[in-house]
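To keep things clear, I will list the structure first and then write my remarks on it.
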Amino acid sequence: KIAQFCLKLASIPAAVLSVIMEAINSNDLLRQEIAIIDRELMAMDNLDEPSGKKGKGNDRTQKSKKANRNTPTEMETKKKDLQRKMDGLRGNLIKIELDKEFVPNTLDHLKKYYKDEWLGKSFTPDIPELAVEKIMLLDVDAIWKVLLLMGIGVFTNHTSRDYVAIMKELAQNQQLYLIIASTDYIYGTNYQFCHGYIGKDLKSLTQNKLIQAIGRTGRQHTNMEYSIRLRDEEFIDTLLLPSTNKIEVNNI
């Protein structure tokens, strides 16, 4: 729901979004072909591994091995052909970019809202091209790919571990503009945020989790602006009043 809201707020024209979606769909078809070839190569590598049994063999076998040492086998030839085919498919992948007008806090984006004097004072996402290429090759919904182009990462129950790993690396390097996350994301992380929003749908949040979430904002640097936004007044009671719902303490 939040992801859909972010896309709506970005006001990306239908024509621009259509071009991006076509490119993503085209890349998805190539990705499927690449994945098939990759699985074939892995299977061939497994077959090609030595069994561990050395065996002396007779003289004729040893001489034959020596004579054919520099002659590529049928499997090696097939592997090279598959590798060339995969490289060709990778070369056909469409480079996907979003106009800077729709990337938060870039100069073009700020000019659109008459806020160009904010340039340098507001945080701009920095998504490396390599990260975009990796994400475009993953089997995740197109919406997550479009959001990435805007500098927005999503941490939820994804089926793709690679997506989550890439998002965590971008978050660690402070290259994402926004992270949309479930409550479990706050544990085991040490990322630095300037602004934190506690969503209305988190009313079951325990006091300990709320404190942990708030504690992720405003670390280290003292010369920056920070804020915590509680999207429901009930969170104030959860935060300040004595609590009997101490799941984490009981678990410990």
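By order in the structure tokens, chains are A, B, ...; within a chain, residues start at 1; ligands start at 1, following the order shown.
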Query - Shell of 9 Å around stretch 93-101 of chain A, only C-alpha atoms, local chain residues under 2 positions omitted, as a VMD selection string - result: chain A and resid 16 20 23 to 24 26 to 27 30 to 31 89 to 91 103 to 112 132 to 133 136 146 149 to 150
Requested in this report: For A:Ile228, please output as an MDAnalysis selection string all residues within 8 Å (counting only C-alpha atoms; exclusion window: fewer than 3 positions along the same chain).
Outcome: chainID A and resid 195:198 214 217
Within 9 Å of A:Val164 using only C-alpha atoms, minus same-chain residues under 6 positions, as a PDB file with all heavy atoms, in the first residue's frame:
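Output file selection.pdb follows:
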```pdb
ATOM      1  N   GLY A 153      13.681   1.433  -1.294  1.00  0.00           N
ATOM      2  CA  GLY A 153      13.833   0.005  -1.068  1.00  0.00           C
ATOM      3  C   GLY A 153      12.724  -0.514  -0.175  1.00  0.00           C
ATOM      4  O   GLY A 153      12.202   0.227   0.659  1.00  0.00           O
ATOM      5  N   VAL A 154      12.354  -1.768  -0.360  1.00  0.00           N
ATOM      6  CA  VAL A 154      11.260  -2.359   0.413  1.00  0.00           C
ATOM      7  C   VAL A 154      11.751  -3.616   1.124  1.00  0.00           C
ATOM      8  O   VAL A 154      12.308  -4.518   0.498  1.00  0.00           O
ATOM      9  CB  VAL A 154      10.062  -2.706  -0.494  1.00  0.00           C
ATOM     10  CG1 VAL A 154       8.913  -3.260   0.337  1.00  0.00           C
ATOM     11  CG2 VAL A 154       9.606  -1.480  -1.277  1.00  0.00           C
ATOM     12  N   PHE A 155      11.558  -3.652   2.432  1.00  0.00           N
ATOM     13  CA  PHE A 155      11.929  -4.821   3.228  1.00  0.00           C
ATOM     14  C   PHE A 155      10.661  -5.465   3.759  1.00  0.00           C
ATOM     15  O   PHE A 155      10.023  -4.939   4.668  1.00  0.00           O
ATOM     16  CB  PHE A 155      12.831  -4.418   4.395  1.00  0.00           C
ATOM     17  CG  PHE A 155      14.210  -4.010   3.951  1.00  0.00           C
ATOM     18  CD1 PHE A 155      14.448  -2.727   3.504  1.00  0.00           C
ATOM     19  CD2 PHE A 155      15.260  -4.911   3.988  1.00  0.00           C
ATOM     20  CE1 PHE A 155      15.705  -2.334   3.093  1.00  0.00           C
ATOM     21  CE2 PHE A 155      16.533  -4.524   3.580  1.00  0.00           C
ATOM     22  CZ  PHE A 155      16.752  -3.241   3.132  1.00  0.00           C
ATOM     23  N   THR A 156      10.280  -6.559   3.161  1.00  0.00           N
ATOM     24  CA  THR A 156       9.098  -7.284   3.598  1.00  0.00           C
ATOM     25  C   THR A 156       9.313  -8.750   3.266  1.00  0.00           C
ATOM     26  O   THR A 156      10.442  -9.168   3.025  1.00  0.00           O
ATOM     27  CB  THR A 156       7.836  -6.705   2.920  1.00  0.00           C
ATOM     28  OG1 THR A 156       6.689  -7.376   3.410  1.00  0.00           O
ATOM     29  CG2 THR A 156       7.898  -6.830   1.414  1.00  0.00           C
ATOM     30  N   HIS A 158       9.794 -10.891   0.987  1.00  0.00           N
ATOM     31  CA  HIS A 158      10.125 -11.154  -0.409  1.00  0.00           C
ATOM     32  C   HIS A 158      10.539 -12.601  -0.588  1.00  0.00           C
ATOM     33  O   HIS A 158      11.108 -13.234   0.300  1.00  0.00           O
ATOM     34  CB  HIS A 158      11.290 -10.260  -0.862  1.00  0.00           C
ATOM     35  CG  HIS A 158      10.890  -8.850  -1.140  1.00  0.00           C
ATOM     36  ND1 HIS A 158      10.142  -8.496  -2.233  1.00  0.00           N
ATOM     37  CD2 HIS A 158      11.117  -7.712  -0.466  1.00  0.00           C
ATOM     38  CE1 HIS A 158       9.933  -7.195  -2.223  1.00  0.00           C
ATOM     39  NE2 HIS A 158      10.519  -6.696  -1.153  1.00  0.00           N
TER      40      HIS A 158
END
```
**Report entry** Pick from A:Arg229, A:Leu147, A:Asn92, A:Ile247, whichever lies nearest to A:Phe5 using only C-alpha atoms
**Finding:**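 Checking each candidate against A:Phe5, we get A:Leu147 as the closest.
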Requested in this report: Work out how far apart atom CA of A:Gln192 and atom CA of A:Arg216 are and give it in Å to one decimal.
Outcome: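 Answer for the atom CA of A:Gln192 to atom CA of A:Arg216 separation: 6.1 Å.
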Report task. Using DSSP on the backbone coordinates, identify all residues within stretch 77-154 of chain A classified as alpha helix (DSSP H); present the result as JSON, numbers by chain. Result -> {"A": [77, 78, 79, 80, 81, 82, 83, 84, 85, 86, 87, 88, 89, 90, 91, 107, 108, 109, 110, 111, 112, 129, 130, 131, 132, 133, 134, 135, 136, 142, 143, 144, 145, 146, 147, 148, 149]}
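Here the residues within stretch 135-237 of chain A that DSSP labels strand (DSSP E) on the basis of the backbone are Ile152, Gly153, Val154, Phe155, Leu178, Ile179, Ile180, Ala181, His195, Gly196, Tyr197, Ile198, Ser227, Ile228, Arg229 and Leu230 of chain A.
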Query raised in the report: Could you state the separation of atom CA of A:Thr73 and atom CA of A:Asp45 in Å, given to one decimal place?
Result: 13.4 Å
**Report entry** Counting only C-alpha atoms, the option among A:Pro13, A:Gly215, A:Pro242, A:Gly151 closest to A:Leu170
**Finding:**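 Nearest to A:Leu170: A:Gly151.
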Requested in this report: Compile the contact shell of A:Ile166 as a list in words: residues with an atom at most 12 Å away, counting only C-alpha atoms, same-chain residues fewer than 2 positions apart removed.
Outcome: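 Residues meeting the cut-off are Ile127, Pro128, Leu130, Ala131, Val132, Glu133, Lys134, Ile135, Met136, Leu138, Leu148, Gly153, Val154, Phe155, Ser160, Arg161, Asp162, Tyr163, Val164, Lys168, Glu169, Leu170, Ala171, Gln172, Asn173, Gln175 and Leu176 of chain A.
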C-alpha atoms of the current selection, written as a PDB file, in the first residue's frame:
```pdb
ATOM      1  CA  ILE A 127      21.790   4.019  -6.761  1.00  0.00           C
ATOM      2  CA  PRO A 128      24.832   2.545  -8.549  1.00  0.00           C
ATOM      3  CA  LEU A 130      25.544  -2.111 -11.126  1.00  0.00           C
ATOM      4  CA  ALA A 131      22.859  -2.406  -8.419  1.00  0.00           C
ATOM      5  CA  VAL A 132      20.159  -1.452 -10.945  1.00  0.00           C
ATOM      6  CA  GLU A 133      21.426  -4.116 -13.371  1.00  0.00           C
ATOM      7  CA  LYS A 134      21.373  -6.761 -10.640  1.00  0.00           C
ATOM      8  CA  ILE A 135      17.864  -5.855  -9.496  1.00  0.00           C
ATOM      9  CA  MET A 136      16.536  -5.871 -13.062  1.00  0.00           C
ATOM     10  CA  LEU A 138      15.874 -10.624 -10.257  1.00  0.00           C
ATOM     11  CA  LEU A 148      14.451   1.250  -6.834  1.00  0.00           C
ATOM     12  CA  GLY A 153      13.833   0.005  -1.068  1.00  0.00           C
ATOM     13  CA  VAL A 154      11.260  -2.359   0.413  1.00  0.00           C
ATOM     14  CA  PHE A 155      11.929  -4.821   3.228  1.00  0.00           C
ATOM     15  CA  SER A 160      14.010 -13.133  -3.461  1.00  0.00           C
ATOM     16  CA  ARG A 161      16.848 -13.189  -0.947  1.00  0.00           C
ATOM     17  CA  ASP A 162      19.100 -11.480  -3.500  1.00  0.00           C
ATOM     18  CA  TYR A 163      16.772  -8.466  -3.589  1.00  0.00           C
ATOM     19  CA  VAL A 164      16.898  -8.136   0.195  1.00  0.00           C
ATOM     20  CA  LYS A 168      20.611  -4.065   2.781  1.00  0.00           C
ATOM     21  CA  GLU A 169      23.888  -3.158   1.093  1.00  0.00           C
ATOM     22  CA  LEU A 170      22.379   0.045  -0.342  1.00  0.00           C
ATOM     23  CA  ALA A 171      20.905   0.891   3.068  1.00  0.00           C
ATOM     24  CA  GLN A 172      24.225   0.234   4.796  1.00  0.00           C
ATOM     25  CA  ASN A 173      25.940   2.592   2.347  1.00  0.00           C
ATOM     26  CA  GLN A 175      22.314   5.246  -0.852  1.00  0.00           C
ATOM     27  CA  LEU A 176      18.541   4.833  -0.514  1.00  0.00           C
TER      28      LEU A 176
END
```
**Report entry** Top pick for closest residue to A:Lys80, considering A:Leu41, A:Leu239, A:Trp118, A:Leu17 and counting only C-alpha atoms
**Finding:** A:Leu41
Requested in this report: Counting only C-alpha atoms, figure out which residue out of A:Trp144, A:Tyr191, A:Tyr185, A:Tyr177 gets nearest to A:Ser122.
Outcome: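 Among the listed residues, the smallest separation from A:Ser122 belongs to A:Tyr177.
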